[in-house]
Every structure is written in structure tokens, then in C-alpha cells.
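Visitor: My questions all concern the structure below.
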Amino acid sequence: MKIGGKLLKKLKKTYAPSSLIDFTFERYDAAMKTDEAGHPILLFIGKKGEDGKIRGHRFVRTLIRDQADKIIKDHWDNHGKV
């Protein structure tokens, strides 16, 4: 599974710092965790089970900044199924 353009557009926004945000994207349930600056760094996407956990794919974001806090590298990696 790859992250498409629509979802990537949603993940480029800034949200509440250090929080877990649940949302629905098209036919999938999703949850993202943000860092202290409010950028999404962890994404779970799939179907939510009876226990509230999402069964599907896990993505981790690599976000590298320079000394002037400008983003040098912004990349999402698929870390397999959960």
C-alpha cells in the first residue's frame, strides 16, 4: 500500500502537538500521531477492530530539518502490517 496524493495532502497539515488523532479517510479508519511541533509522524490506516485498534498498515515519517529549521527531507516509509 502507498500513500496517495489526497492522503498526503492531509498529512502535510499541522495539527495539535503531541496528540493522537483518529479520522476516517475514504473507506479506511486511520489514526496519526503528531510530534511536538504538530507534524504527523506516525500513521495507522486500515479497519478498526472491536478493541479500537486499527488493523492494516503502519507508516513512519522521516522529517529532517537543517539548522534554520527548513525541511530538507520529508518521506513516508511503509513499516508493514499491524
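Residue numbering restarts at 1 for every chain of the C-alpha cells, chains are lettered A, B, ... in their displayed order, and ligands are numbered from 1 as they appear.
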Using DSSP assignments from the backbone, pull out every residue in chain A that falls under strand (DSSP E) and give it to me as a JSON list (two decimals) with all heavy atoms, in the first residue's frame.
Guide:
[["chain", "number", "residue", "atom", "x", "y", "z"],
["A", 20, "LEU", "N", -2.79, 12.14, 19.46],
["A", 20, "LEU", "CA", -3.21, 11.05, 18.60],
["A", 20, "LEU", "C", -4.56, 11.44, 18.02],
["A", 20, "LEU", "O", -5.51, 11.69, 18.77],
["A", 20, "LEU", "CB", -3.32, 9.75, 19.38],
["A", 20, "LEU", "CG", -3.73, 8.52, 18.59],
["A", 20, "LEU", "CD1", -2.64, 8.16, 17.57],
["A", 20, "LEU", "CD2", -3.97, 7.34, 19.51],
["A", 21, "ILE", "N", -4.65, 11.51, 16.70],
["A", 21, "ILE", "CA", -5.85, 11.99, 16.03],
["A", 21, "ILE", "C", -6.46, 10.85, 15.21],
["A", 21, "ILE", "O", -5.81, 10.31, 14.33],
["A", 21, "ILE", "CB", -5.52, 13.19, 15.11],
["A", 21, "ILE", "CG1", -4.91, 14.30, 15.95],
["A", 21, "ILE", "CG2", -6.75, 13.66, 14.37],
["A", 21, "ILE", "CD1", -4.25, 15.39, 15.17],
["A", 22, "ASP", "N", -7.71, 10.49, 15.53],
["A", 22, "ASP", "CA", -8.45, 9.48, 14.78],
["A", 22, "ASP", "C", -9.29, 10.16, 13.72],
["A", 22, "ASP", "O", -9.90, 11.20, 13.98],
["A", 22, "ASP", "CB", -9.38, 8.69, 15.71],
["A", 22, "ASP", "CG", -8.61, 7.80, 16.67],
["A", 22, "ASP", "OD1", -7.57, 7.27, 16.28],
["A", 22, "ASP", "OD2", -9.08, 7.64, 17.81],
["A", 23, "PHE", "N", -9.32, 9.58, 12.53],
["A", 23, "PHE", "CA", -10.15, 10.11, 11.45],
["A", 23, "PHE", "C", -10.49, 9.00, 10.47],
["A", 23, "PHE", "O", -9.94, 7.91, 10.53],
["A", 23, "PHE", "CB", -9.47, 11.30, 10.76],
["A", 23, "PHE", "CG", -8.18, 10.96, 10.05],
["A", 23, "PHE", "CD1", -8.16, 10.73, 8.69],
["A", 23, "PHE", "CD2", -6.98, 10.89, 10.75],
["A", 23, "PHE", "CE1", -6.98, 10.43, 8.04],
["A", 23, "PHE", "CE2", -5.80, 10.59, 10.11],
["A", 23, "PHE", "CZ", -5.80, 10.36, 8.75],
["A", 24, "THR", "N", -11.42, 9.29, 9.58],
["A", 24, "THR", "CA", -11.77, 8.34, 8.52],
["A", 24, "THR", "C", -11.30, 8.94, 7.21],
["A", 24, "THR", "O", -11.49, 10.13, 6.97],
["A", 24, "THR", "CB", -13.29, 8.14, 8.42],
["A", 24, "THR", "OG1", -13.95, 8.73, 9.50],
["A", 24, "THR", "CG2", -13.66, 6.70, 8.36],
["A", 25, "PHE", "N", -10.70, 8.09, 6.39],
["A", 25, "PHE", "CA", -10.24, 8.53, 5.08],
["A", 25, "PHE", "C", -10.81, 7.58, 4.04],
["A", 25, "PHE", "O", -10.45, 6.39, 4.03],
["A", 25, "PHE", "CB", -8.71, 8.58, 5.00],
["A", 25, "PHE", "CG", -8.21, 9.03, 3.68],
["A", 25, "PHE", "CD1", -8.27, 10.37, 3.34],
["A", 25, "PHE", "CD2", -7.71, 8.14, 2.75],
["A", 25, "PHE", "CE1", -7.83, 10.80, 2.11],
["A", 25, "PHE", "CE2", -7.26, 8.55, 1.53],
["A", 25, "PHE", "CZ", -7.32, 9.89, 1.20],
["A", 28, "TYR", "N", -11.40, 3.82, 4.80],
["A", 28, "TYR", "CA", -10.49, 3.33, 5.83],
["A", 28, "TYR", "C", -10.62, 4.12, 7.13],
["A", 28, "TYR", "O", -10.93, 5.31, 7.12],
["A", 28, "TYR", "CB", -9.03, 3.44, 5.36],
["A", 28, "TYR", "CG", -8.71, 2.62, 4.15],
["A", 28, "TYR", "CD1", -8.52, 3.21, 2.92],
["A", 28, "TYR", "CD2", -8.58, 1.24, 4.24],
["A", 28, "TYR", "CE1", -8.22, 2.45, 1.80],
["A", 28, "TYR", "CE2", -8.28, 0.46, 3.14],
["A", 28, "TYR", "CZ", -8.11, 1.08, 1.92],
["A", 28, "TYR", "OH", -7.82, 0.33, 0.81],
["A", 29, "ASP", "N", -10.33, 3.45, 8.23],
["A", 29, "ASP", "CA", -10.16, 4.12, 9.52],
["A", 29, "ASP", "C", -8.68, 4.44, 9.64],
["A", 29, "ASP", "O", -7.83, 3.66, 9.20],
["A", 29, "ASP", "CB", -10.58, 3.22, 10.67],
["A", 29, "ASP", "CG", -12.06, 2.86, 10.61],
["A", 29, "ASP", "OD1", -12.86, 3.76, 10.32],
["A", 29, "ASP", "OD2", -12.40, 1.68, 10.84],
["A", 30, "ALA", "N", -8.36, 5.58, 10.23],
["A", 30, "ALA", "CA", -6.96, 5.98, 10.33],
["A", 30, "ALA", "C", -6.71, 6.69, 11.66],
["A", 30, "ALA", "O", -7.63, 7.24, 12.27],
["A", 30, "ALA", "CB", -6.59, 6.89, 9.17],
["A", 31, "ALA", "N", -5.46, 6.66, 12.08],
["A", 31, "ALA", "CA", -5.02, 7.37, 13.27],
["A", 31, "ALA", "C", -3.61, 7.85, 13.02],
["A", 31, "ALA", "O", -2.79, 7.14, 12.44],
["A", 31, "ALA", "CB", -5.05, 6.47, 14.50],
["A", 32, "MET", "N", -3.34, 9.11, 13.40],
["A", 32, "MET", "CA", -1.99, 9.64, 13.24],
["A", 32, "MET", "C", -1.52, 10.25, 14.55],
["A", 32, "MET", "O", -2.31, 10.79, 15.32],
["A", 32, "MET", "CB", -1.94, 10.66, 12.12],
["A", 32, "MET", "CG", -2.70, 11.91, 12.33],
["A", 32, "MET", "SD", -2.47, 13.01, 10.94],
["A", 32, "MET", "CE", -4.06, 13.79, 10.89],
["A", 33, "LYS", "N", -0.24, 10.10, 14.79],
["A", 33, "LYS", "CA", 0.39, 10.66, 15.98],
["A", 33, "LYS", "C", 1.25, 11.82, 15.53],
["A", 33, "LYS", "O", 1.95, 11.74, 14.52],
["A", 33, "LYS", "CB", 1.23, 9.61, 16.69],
["A", 33, "LYS", "CG", 1.81, 10.11, 17.97],
["A", 33, "LYS", "CD", 2.48, 9.02, 18.73],
["A", 33, "LYS", "CE", 3.10, 9.69, 19.93],
["A", 33, "LYS", "NZ", 3.30, 8.87, 21.04],
["A", 34, "THR", "N", 1.21, 12.93, 16.27],
["A", 34, "THR", "CA", 1.97, 14.12, 15.90],
["A", 34, "THR", "C", 3.15, 14.31, 16.84],
["A", 34, "THR", "O", 3.16, 13.82, 17.97],
["A", 34, "THR", "CB", 1.08, 15.37, 15.94],
["A", 34, "THR", "OG1", 0.56, 15.54, 17.26],
["A", 34, "THR", "CG2", -0.08, 15.25, 14.96],
["A", 40, "PRO", "N", 2.43, 15.36, 11.64],
["A", 40, "PRO", "CA", 2.18, 13.91, 11.74],
["A", 40, "PRO", "C", 3.46, 13.12, 11.49],
["A", 40, "PRO", "O", 4.19, 13.40, 10.53],
["A", 40, "PRO", "CB", 1.16, 13.64, 10.63],
["A", 40, "PRO", "CG", 0.53, 14.96, 10.35],
["A", 40, "PRO", "CD", 1.59, 15.98, 10.61],
["A", 41, "ILE", "N", 3.76, 12.16, 12.37],
["A", 41, "ILE", "CA", 4.98, 11.37, 12.22],
["A", 41, "ILE", "C", 4.70, 9.87, 12.17],
["A", 41, "ILE", "O", 5.56, 9.09, 11.77],
["A", 41, "ILE", "CB", 5.99, 11.65, 13.36],
["A", 41, "ILE", "CG1", 5.35, 11.44, 14.71],
["A", 41, "ILE", "CG2", 6.57, 13.04, 13.22],
["A", 41, "ILE", "CD1", 6.32, 11.46, 15.85],
["A", 42, "LEU", "N", 3.51, 9.45, 12.55],
["A", 42, "LEU", "CA", 3.14, 8.05, 12.58],
["A", 42, "LEU", "C", 1.71, 7.92, 12.09],
["A", 42, "LEU", "O", 0.84, 8.68, 12.52],
["A", 42, "LEU", "CB", 3.27, 7.51, 14.01],
["A", 42, "LEU", "CG", 3.10, 6.03, 14.26],
["A", 42, "LEU", "CD1", 4.15, 5.23, 13.51],
["A", 42, "LEU", "CD2", 3.22, 5.75, 15.74],
["A", 43, "LEU", "N", 1.45, 6.97, 11.18],
["A", 43, "LEU", "CA", 0.12, 6.79, 10.61],
["A", 43, "LEU", "C", -0.25, 5.32, 10.62],
["A", 43, "LEU", "O", 0.53, 4.48, 10.18],
["A", 43, "LEU", "CB", 0.09, 7.33, 9.17],
["A", 43, "LEU", "CG", -1.17, 7.05, 8.36],
["A", 43, "LEU", "CD1", -2.34, 7.88, 8.89],
["A", 43, "LEU", "CD2", -0.95, 7.33, 6.90],
["A", 44, "PHE", "N", -1.44, 5.03, 11.13],
["A", 44, "PHE", "CA", -2.02, 3.71, 11.05],
["A", 44, "PHE", "C", -3.26, 3.84, 10.18],
["A", 44, "PHE", "O", -4.10, 4.70, 10.42],
["A", 44, "PHE", "CB", -2.43, 3.19, 12.44],
["A", 44, "PHE", "CG", -1.29, 2.99, 13.36],
["A", 44, "PHE", "CD1", -0.96, 3.95, 14.30],
["A", 44, "PHE", "CD2", -0.53, 1.83, 13.29],
["A", 44, "PHE", "CE1", 0.10, 3.76, 15.17],
["A", 44, "PHE", "CE2", 0.54, 1.64, 14.16],
["A", 44, "PHE", "CZ", 0.86, 2.61, 15.10],
["A", 45, "ILE", "N", -3.39, 2.98, 9.15],
["A", 45, "ILE", "CA", -4.54, 3.04, 8.26],
["A", 45, "ILE", "C", -5.01, 1.63, 7.95],
["A", 45, "ILE", "O", -4.21, 0.74, 7.69],
["A", 45, "ILE", "CB", -4.23, 3.85, 6.99],
["A", 45, "ILE", "CG1", -5.49, 4.06, 6.17],
["A", 45, "ILE", "CG2", -3.13, 3.23, 6.18],
["A", 45, "ILE", "CD1", -5.37, 5.16, 5.14],
["A", 46, "GLY", "N", -6.32, 1.41, 8.07],
["A", 46, "GLY", "CA", -6.92, 0.10, 7.84],
["A", 46, "GLY", "C", -8.34, 0.09, 8.36],
["A", 46, "GLY", "O", -9.07, 1.07, 8.20],
["A", 47, "LYS", "N", -8.72, -1.00, 9.01],
["A", 47, "LYS", "CA", -10.05, -1.12, 9.62],
["A", 47, "LYS", "C", -9.91, -1.23, 11.13],
["A", 47, "LYS", "O", -9.06, -1.96, 11.63],
["A", 47, "LYS", "CB", -10.79, -2.35, 9.09],
["A", 47, "LYS", "CG", -11.24, -2.20, 7.66],
["A", 47, "LYS", "CD", -12.34, -1.18, 7.59],
["A", 47, "LYS", "CE", -12.78, -0.96, 6.15],
["A", 47, "LYS", "NZ", -13.74, 0.10, 6.04],
["A", 48, "LYS", "N", -10.76, -0.51, 11.85],
["A", 48, "LYS", "CA", -10.73, -0.52, 13.30],
["A", 48, "LYS", "C", -11.44, -1.77, 13.82],
["A", 48, "LYS", "O", -12.54, -2.09, 13.37],
["A", 48, "LYS", "CB", -11.41, 0.72, 13.86],
["A", 48, "LYS", "CG", -11.15, 0.96, 15.32],
["A", 48, "LYS", "CD", -11.77, 2.24, 15.78],
["A", 48, "LYS", "CE", -10.85, 3.38, 15.41],
["A", 48, "LYS", "NZ", -11.21, 4.64, 16.05],
["A", 54, "ILE", "N", -6.40, -0.32, 15.12],
["A", 54, "ILE", "CA", -6.51, -0.37, 13.67],
["A", 54, "ILE", "C", -5.67, -1.52, 13.12],
["A", 54, "ILE", "O", -4.48, -1.62, 13.41],
["A", 54, "ILE", "CB", -6.09, 0.97, 13.05],
["A", 54, "ILE", "CG1", -7.08, 2.06, 13.48],
["A", 54, "ILE", "CG2", -6.01, 0.88, 11.53],
["A", 54, "ILE", "CD1", -6.78, 3.43, 12.97],
["A", 55, "ARG", "N", -6.30, -2.37, 12.34],
["A", 55, "ARG", "CA", -5.62, -3.47, 11.65],
["A", 55, "ARG", "C", -5.39, -3.04, 10.21],
["A", 55, "ARG", "O", -6.33, -2.74, 9.50],
["A", 55, "ARG", "CB", -6.48, -4.74, 11.66],
["A", 55, "ARG", "CG", -6.85, -5.21, 13.02],
["A", 55, "ARG", "CD", -5.69, -5.90, 13.66],
["A", 55, "ARG", "NE", -6.07, -6.35, 15.00],
["A", 55, "ARG", "CZ", -5.28, -6.30, 16.03],
["A", 55, "ARG", "NH1", -4.06, -5.84, 15.90],
["A", 55, "ARG", "NH2", -5.68, -6.73, 17.20],
["A", 56, "GLY", "N", -4.15, -2.96, 9.81],
["A", 56, "GLY", "CA", -3.84, -2.52, 8.46],
["A", 56, "GLY", "C", -2.36, -2.22, 8.32],
["A", 56, "GLY", "O", -1.52, -3.02, 8.70],
["A", 57, "HIS", "N", -2.04, -1.04, 7.81],
["A", 57, "HIS", "CA", -0.66, -0.66, 7.54],
["A", 57, "HIS", "C", -0.19, 0.42, 8.50],
["A", 57, "HIS", "O", -0.96, 1.24, 8.97],
["A", 57, "HIS", "CB", -0.53, -0.15, 6.11],
["A", 57, "HIS", "CG", -0.78, -1.21, 5.09],
["A", 57, "HIS", "ND1", 0.20, -2.06, 4.66],
["A", 57, "HIS", "CD2", -1.91, -1.57, 4.45],
["A", 57, "HIS", "CE1", -0.30, -2.88, 3.77],
["A", 57, "HIS", "NE2", -1.59, -2.62, 3.62],
["A", 58, "ARG", "N", 1.13, 0.40, 8.75],
["A", 58, "ARG", "CA", 1.77, 1.41, 9.60],
["A", 58, "ARG", "C", 2.81, 2.15, 8.77],
["A", 58, "ARG", "O", 3.63, 1.54, 8.10],
["A", 58, "ARG", "CB", 2.45, 0.74, 10.79],
["A", 58, "ARG", "CG", 3.19, 1.72, 11.69],
["A", 58, "ARG", "CD", 3.72, 1.03, 12.91],
["A", 58, "ARG", "NE", 4.80, 0.13, 12.57],
["A", 58, "ARG", "CZ", 6.02, 0.19, 13.10],
["A", 58, "ARG", "NH1", 6.30, 1.09, 14.00],
["A", 58, "ARG", "NH2", 6.94, -0.67, 12.74],
["A", 59, "PHE", "N", 2.74, 3.47, 8.80],
["A", 59, "PHE", "CA", 3.68, 4.32, 8.08],
["A", 59, "PHE", "C", 4.40, 5.22, 9.07],
["A", 59, "PHE", "O", 3.79, 5.72, 10.01],
["A", 59, "PHE", "CB", 2.96, 5.20, 7.05],
["A", 59, "PHE", "CG", 2.36, 4.44, 5.91],
["A", 59, "PHE", "CD1", 1.07, 3.96, 5.97],
["A", 59, "PHE", "CD2", 3.11, 4.20, 4.77],
["A", 59, "PHE", "CE1", 0.52, 3.26, 4.93],
["A", 59, "PHE", "CE2", 2.56, 3.49, 3.71],
["A", 59, "PHE", "CZ", 1.26, 3.02, 3.79],
["A", 60, "VAL", "N", 5.70, 5.42, 8.85],
["A", 60, "VAL", "CA", 6.51, 6.29, 9.71],
["A", 60, "VAL", "C", 7.13, 7.37, 8.83],
["A", 60, "VAL", "O", 7.61, 7.10, 7.73],
["A", 60, "VAL", "CB", 7.62, 5.49, 10.43],
["A", 60, "VAL", "CG1", 8.49, 6.40, 11.26],
["A", 60, "VAL", "CG2", 7.01, 4.40, 11.29],
["A", 61, "ARG", "N", 7.11, 8.59, 9.33],
["A", 61, "ARG", "CA", 7.62, 9.73, 8.57],
["A", 61, "ARG", "C", 9.04, 10.08, 8.97],
["A", 61, "ARG", "O", 9.36, 10.17, 10.16],
["A", 61, "ARG", "CB", 6.73, 10.94, 8.82],
["A", 61, "ARG", "CG", 7.05, 12.15, 7.98],
["A", 61, "ARG", "CD", 6.09, 13.26, 8.34],
["A", 61, "ARG", "NE", 6.07, 14.31, 7.34],
["A", 61, "ARG", "CZ", 5.32, 15.39, 7.43],
["A", 61, "ARG", "NH1", 4.54, 15.55, 8.48],
["A", 61, "ARG", "NH2", 5.34, 16.29, 6.50],
["A", 62, "THR", "N", 9.90, 10.29, 7.97],
["A", 62, "THR", "CA", 11.24, 10.79, 8.19],
["A", 62, "THR", "C", 11.22, 12.28, 7.86],
["A", 62, "THR", "O", 10.95, 12.64, 6.72],
["A", 62, "THR", "CB", 12.26, 10.06, 7.29],
["A", 62, "THR", "OG1", 12.17, 8.67, 7.55],
["A", 62, "THR", "CG2", 13.66, 10.55, 7.55],
["A", 63, "LEU", "N", 11.46, 13.09, 8.84],
["A", 63, "LEU", "CA", 11.40, 14.53, 8.68],
["A", 63, "LEU", "C", 12.73, 15.11, 9.15],
["A", 63, "LEU", "O", 13.00, 15.16, 10.35],
["A", 63, "LEU", "CB", 10.24, 15.09, 9.50],
["A", 63, "LEU", "CG", 9.73, 16.47, 9.22],
["A", 63, "LEU", "CD1", 9.27, 16.62, 7.78],
["A", 63, "LEU", "CD2", 8.59, 16.81, 10.14],
["A", 64, "ILE", "N", 13.58, 15.53, 8.20],
["A", 64, "ILE", "CA", 14.91, 16.05, 8.54],
["A", 64, "ILE", "C", 14.94, 17.54, 8.25],
["A", 64, "ILE", "O", 14.55, 17.98, 7.16],
["A", 64, "ILE", "CB", 16.00, 15.32, 7.74],
["A", 64, "ILE", "CG1", 15.97, 13.82, 8.08],
["A", 64, "ILE", "CG2", 17.37, 15.91, 8.04],
["A", 64, "ILE", "CD1", 16.89, 12.99, 7.25],
["A", 65, "ARG", "N", 15.41, 18.31, 9.24],
["A", 65, "ARG", "CA", 15.49, 19.77, 9.10],
["A", 65, "ARG", "C", 16.94, 20.22, 9.23],
["A", 65, "ARG", "O", 17.75, 19.56, 9.88],
["A", 65, "ARG", "CB", 14.67, 20.43, 10.19],
["A", 65, "ARG", "CG", 13.21, 20.11, 10.10],
["A", 65, "ARG", "CD", 12.44, 20.94, 11.11],
["A", 65, "ARG", "NE", 11.03, 20.65, 10.99],
["A", 65, "ARG", "CZ", 10.31, 20.08, 11.93],
["A", 65, "ARG", "NH1", 10.85, 19.78, 13.08],
["A", 65, "ARG", "NH2", 9.05, 19.84, 11.74],
["A", 71, "ILE", "N", 12.85, 22.35, 6.17],
["A", 71, "ILE", "CA", 12.74, 20.91, 5.92],
["A", 71, "ILE", "C", 13.60, 20.52, 4.72],
["A", 71, "ILE", "O", 13.44, 21.06, 3.63],
["A", 71, "ILE", "CB", 11.27, 20.51, 5.69],
["A", 71, "ILE", "CG1", 10.46, 20.77, 6.95],
["A", 71, "ILE", "CG2", 11.18, 19.06, 5.27],
["A", 71, "ILE", "CD1", 8.98, 20.53, 6.81],
["A", 72, "ILE", "N", 14.52, 19.59, 4.96],
["A", 72, "ILE", "CA", 15.41, 19.09, 3.91],
["A", 72, "ILE", "C", 14.82, 17.82, 3.29],
["A", 72, "ILE", "O", 14.79, 17.66, 2.08],
["A", 72, "ILE", "CB", 16.81, 18.78, 4.48],
["A", 72, "ILE", "CG1", 17.46, 20.05, 4.99],
["A", 72, "ILE", "CG2", 17.67, 18.11, 3.43],
["A", 72, "ILE", "CD1", 18.76, 19.80, 5.71],
["A", 73, "LYS", "N", 14.35, 16.92, 4.15],
["A", 73, "LYS", "CA", 13.81, 15.65, 3.67],
["A", 73, "LYS", "C", 12.49, 15.36, 4.37],
["A", 73, "LYS", "O", 12.38, 15.47, 5.59],
["A", 73, "LYS", "CB", 14.81, 14.52, 3.94],
["A", 73, "LYS", "CG", 14.38, 13.19, 3.39],
["A", 73, "LYS", "CD", 15.45, 12.14, 3.60],
["A", 73, "LYS", "CE", 15.01, 10.83, 2.96],
["A", 73, "LYS", "NZ", 16.01, 9.81, 3.11],
["A", 74, "ASP", "N", 11.49, 14.97, 3.59],
["A", 74, "ASP", "CA", 10.18, 14.64, 4.10],
["A", 74, "ASP", "C", 9.72, 13.38, 3.36],
["A", 74, "ASP", "O", 9.40, 13.44, 2.18],
["A", 74, "ASP", "CB", 9.22, 15.80, 3.86],
["A", 74, "ASP", "CG", 7.85, 15.57, 4.45],
["A", 74, "ASP", "OD1", 7.64, 14.51, 5.06],
["A", 74, "ASP", "OD2", 6.99, 16.45, 4.30],
["A", 75, "HIS", "N", 9.73, 12.24, 4.05],
["A", 75, "HIS", "CA", 9.47, 10.97, 3.39],
["A", 75, "HIS", "C", 8.69, 10.03, 4.30],
["A", 75, "HIS", "O", 8.96, 9.94, 5.49],
["A", 75, "HIS", "CB", 10.81, 10.32, 3.02],
["A", 75, "HIS", "CG", 10.67, 9.01, 2.35],
["A", 75, "HIS", "ND1", 10.22, 8.88, 1.06],
["A", 75, "HIS", "CD2", 10.91, 7.75, 2.79],
["A", 75, "HIS", "CE1", 10.19, 7.60, 0.74],
["A", 75, "HIS", "NE2", 10.61, 6.89, 1.77],
["A", 76, "TRP", "N", 7.68, 9.34, 3.75],
["A", 76, "TRP", "CA", 6.90, 8.35, 4.48],
["A", 76, "TRP", "C", 7.36, 6.95, 4.10],
["A", 76, "TRP", "O", 7.45, 6.62, 2.92],
["A", 76, "TRP", "CB", 5.41, 8.50, 4.16],
["A", 76, "TRP", "CG", 4.79, 9.68, 4.84],
["A", 76, "TRP", "CD1", 4.66, 10.94, 4.33],
["A", 76, "TRP", "CD2", 4.24, 9.73, 6.14],
["A", 76, "TRP", "NE1", 4.05, 11.76, 5.23],
["A", 76, "TRP", "CE2", 3.76, 11.04, 6.36],
["A", 76, "TRP", "CE3", 4.07, 8.79, 7.15],
["A", 76, "TRP", "CZ2", 3.16, 11.42, 7.55],
["A", 76, "TRP", "CZ3", 3.47, 9.17, 8.32],
["A", 76, "TRP", "CH2", 3.02, 10.48, 8.52],
["A", 77, "ASP", "N", 7.65, 6.09, 5.09],
["A", 77, "ASP", "CA", 8.06, 4.72, 4.86],
["A", 77, "ASP", "C", 6.97, 3.76, 5.36],
["A", 77, "ASP", "O", 6.43, 3.95, 6.46],
["A", 77, "ASP", "CB", 9.34, 4.38, 5.64],
["A", 77, "ASP", "CG", 10.55, 5.07, 5.05],
["A", 77, "ASP", "OD1", 10.68, 5.09, 3.82],
["A", 77, "ASP", "OD2", 11.35, 5.60, 5.85],
["A", 78, "ASN", "N", 6.68, 2.74, 4.56],
["A", 78, "ASN", "CA", 5.74, 1.70, 4.97],
["A", 78, "ASN", "C", 6.49, 0.71, 5.85],
["A", 78, "ASN", "O", 7.45, 0.10, 5.44],
["A", 78, "ASN", "CB", 5.18, 1.00, 3.73],
["A", 78, "ASN", "CG", 4.08, 0.02, 4.08],
["A", 78, "ASN", "OD1", 3.90, -0.38, 5.22],
["A", 78, "ASN", "ND2", 3.32, -0.35, 3.07],
["A", 79, "HIS", "N", 6.04, 0.57, 7.10],
["A", 79, "HIS", "CA", 6.70, -0.33, 8.05],
["A", 79, "HIS", "C", 5.90, -1.61, 8.24],
["A", 79, "HIS", "O", 5.99, -2.26, 9.29],
["A", 79, "HIS", "CB", 6.92, 0.37, 9.38],
["A", 79, "HIS", "CG", 8.14, 1.21, 9.38],
["A", 79, "HIS", "ND1", 9.12, 1.10, 10.31],
["A", 79, "HIS", "CD2", 8.58, 2.19, 8.54],
["A", 79, "HIS", "CE1", 10.09, 1.97, 10.07],
["A", 79, "HIS", "NE2", 9.77, 2.64, 9.00],
["A", 80, "GLY", "N", 5.11, -1.99, 7.25],
["A", 80, "GLY", "CA", 4.43, -3.27, 7.28],
["A", 80, "GLY", "C", 3.03, -3.22, 7.85],
["A", 80, "GLY", "O", 2.48, -2.17, 8.13],
["A", 81, "LYS", "N", 2.49, -4.43, 8.02],
["A", 81, "LYS", "CA", 1.14, -4.57, 8.52],
["A", 81, "LYS", "C", 1.12, -4.70, 10.03],
["A", 81, "LYS", "O", 2.05, -5.19, 10.63],
["A", 81, "LYS", "CB", 0.48, -5.79, 7.90],
["A", 81, "LYS", "CG", 0.19, -5.64, 6.45],
["A", 81, "LYS", "CD", -0.71, -6.74, 5.97],
["A", 81, "LYS", "CE", -1.18, -6.39, 4.58],
["A", 81, "LYS", "NZ", -2.39, -7.10, 4.24]]
Visitor: Using only C-alpha atoms, determine which residues lie at most 8 Å from A:Ala37, disregarding the query and same-chain residues fewer than 4 positions distant; provide the list as a PyMOL selection string.
Guide: chain A and resi 14+17-18
Visitor: Determine which residues of chain A receive a DSSP assignment of alpha helix (DSSP H), computed from the backbone, and state them as a list in words.
Guide: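 Selection result, alpha helix (DSSP H) within chain A: Gly5, Lys6, Leu7, Leu8, Lys9, Lys10 and Leu11 of chain A.
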Visitor: Let's have the selection written as an mmCIF file, in the first residue's frame, with all heavy atoms.
Guide:
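As a result, again.cif now contains:
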data_model
loop_
_atom_site.group_PDB
_atom_site.id
_atom_site.type_symbol
_atom_site.label_atom_id
_atom_site.label_comp_id
_atom_site.auth_asym_id
_atom_site.auth_seq_id
_atom_site.Cartn_x
_atom_site.Cartn_y
_atom_site.Cartn_z
ATOM 1 N N GLY A 5 -2.058 10.846 -3.145
ATOM 2 C CA GLY A 5 -1.982 12.301 -3.128
ATOM 3 C C GLY A 5 -2.962 12.962 -2.179
ATOM 4 O O GLY A 5 -2.625 13.924 -1.487
ATOM 5 N N LYS A 6 -4.201 12.446 -2.120
ATOM 6 C CA LYS A 6 -5.213 13.036 -1.237
ATOM 7 C C LYS A 6 -4.817 12.898 0.230
ATOM 8 O O LYS A 6 -4.928 13.845 1.004
ATOM 9 C CB LYS A 6 -6.561 12.356 -1.444
ATOM 10 C CG LYS A 6 -7.263 12.712 -2.705
ATOM 11 C CD LYS A 6 -8.612 12.005 -2.730
ATOM 12 C CE LYS A 6 -9.337 12.191 -4.038
ATOM 13 N NZ LYS A 6 -10.607 11.448 -4.044
ATOM 14 N N LEU A 7 -4.357 11.704 0.592
ATOM 15 C CA LEU A 7 -3.959 11.468 1.981
ATOM 16 C C LEU A 7 -2.690 12.235 2.320
ATOM 17 O O LEU A 7 -2.558 12.791 3.407
ATOM 18 C CB LEU A 7 -3.772 9.975 2.245
ATOM 19 C CG LEU A 7 -3.423 9.565 3.664
ATOM 20 C CD1 LEU A 7 -4.460 10.071 4.650
ATOM 21 C CD2 LEU A 7 -3.302 8.062 3.761
ATOM 22 N N LEU A 8 -1.765 12.302 1.389
ATOM 23 C CA LEU A 8 -0.528 13.041 1.606
ATOM 24 C C LEU A 8 -0.804 14.524 1.839
ATOM 25 O O LEU A 8 -0.157 15.161 2.672
ATOM 26 C CB LEU A 8 0.400 12.851 0.409
ATOM 27 C CG LEU A 8 1.878 13.085 0.630
ATOM 28 C CD1 LEU A 8 2.396 12.220 1.766
ATOM 29 C CD2 LEU A 8 2.645 12.814 -0.625
ATOM 30 N N LYS A 9 -1.798 15.057 1.129
ATOM 31 C CA LYS A 9 -2.188 16.455 1.306
ATOM 32 C C LYS A 9 -2.706 16.690 2.729
ATOM 33 O O LYS A 9 -2.396 17.700 3.351
ATOM 34 C CB LYS A 9 -3.261 16.817 0.282
ATOM 35 C CG LYS A 9 -3.613 18.255 0.239
ATOM 36 C CD LYS A 9 -4.601 18.537 -0.886
ATOM 37 C CE LYS A 9 -4.969 19.996 -0.942
ATOM 38 N NZ LYS A 9 -5.930 20.277 -2.012
ATOM 39 N N LYS A 10 -3.465 15.726 3.260
ATOM 40 C CA LYS A 10 -3.983 15.829 4.625
ATOM 41 C C LYS A 10 -2.850 15.708 5.644
ATOM 42 O O LYS A 10 -2.869 16.355 6.683
ATOM 43 C CB LYS A 10 -5.022 14.735 4.860
ATOM 44 C CG LYS A 10 -5.709 14.813 6.187
ATOM 45 C CD LYS A 10 -6.824 13.804 6.267
ATOM 46 C CE LYS A 10 -7.541 13.878 7.579
ATOM 47 N NZ LYS A 10 -8.560 14.891 7.667
ATOM 48 N N LEU A 11 -1.827 14.907 5.326
ATOM 49 C CA LEU A 11 -0.720 14.688 6.259
ATOM 50 C C LEU A 11 0.303 15.817 6.251
ATOM 51 O O LEU A 11 1.170 15.860 7.113
ATOM 52 C CB LEU A 11 -0.024 13.366 5.940
ATOM 53 C CG LEU A 11 -0.861 12.113 6.166
ATOM 54 C CD1 LEU A 11 -0.139 10.889 5.646
ATOM 55 C CD2 LEU A 11 -1.211 11.950 7.627
#
Visitor: Choose the residue, out of A:Tyr15, A:Asp51, A:Asp69, A:Gly4, that has the smallest atom-to-atom separation from A:Asp35; count only C-alpha atoms.
Guide: A:Tyr15
Visitor: Quick one: pull the distance between atom CA of A:Glu36 and atom CA of A:Ala16, Å, one decimal.
Guide: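 Atom-to-atom, atom CA of A:Glu36 and atom CA of A:Ala16 are spaced 8.5 Å apart.
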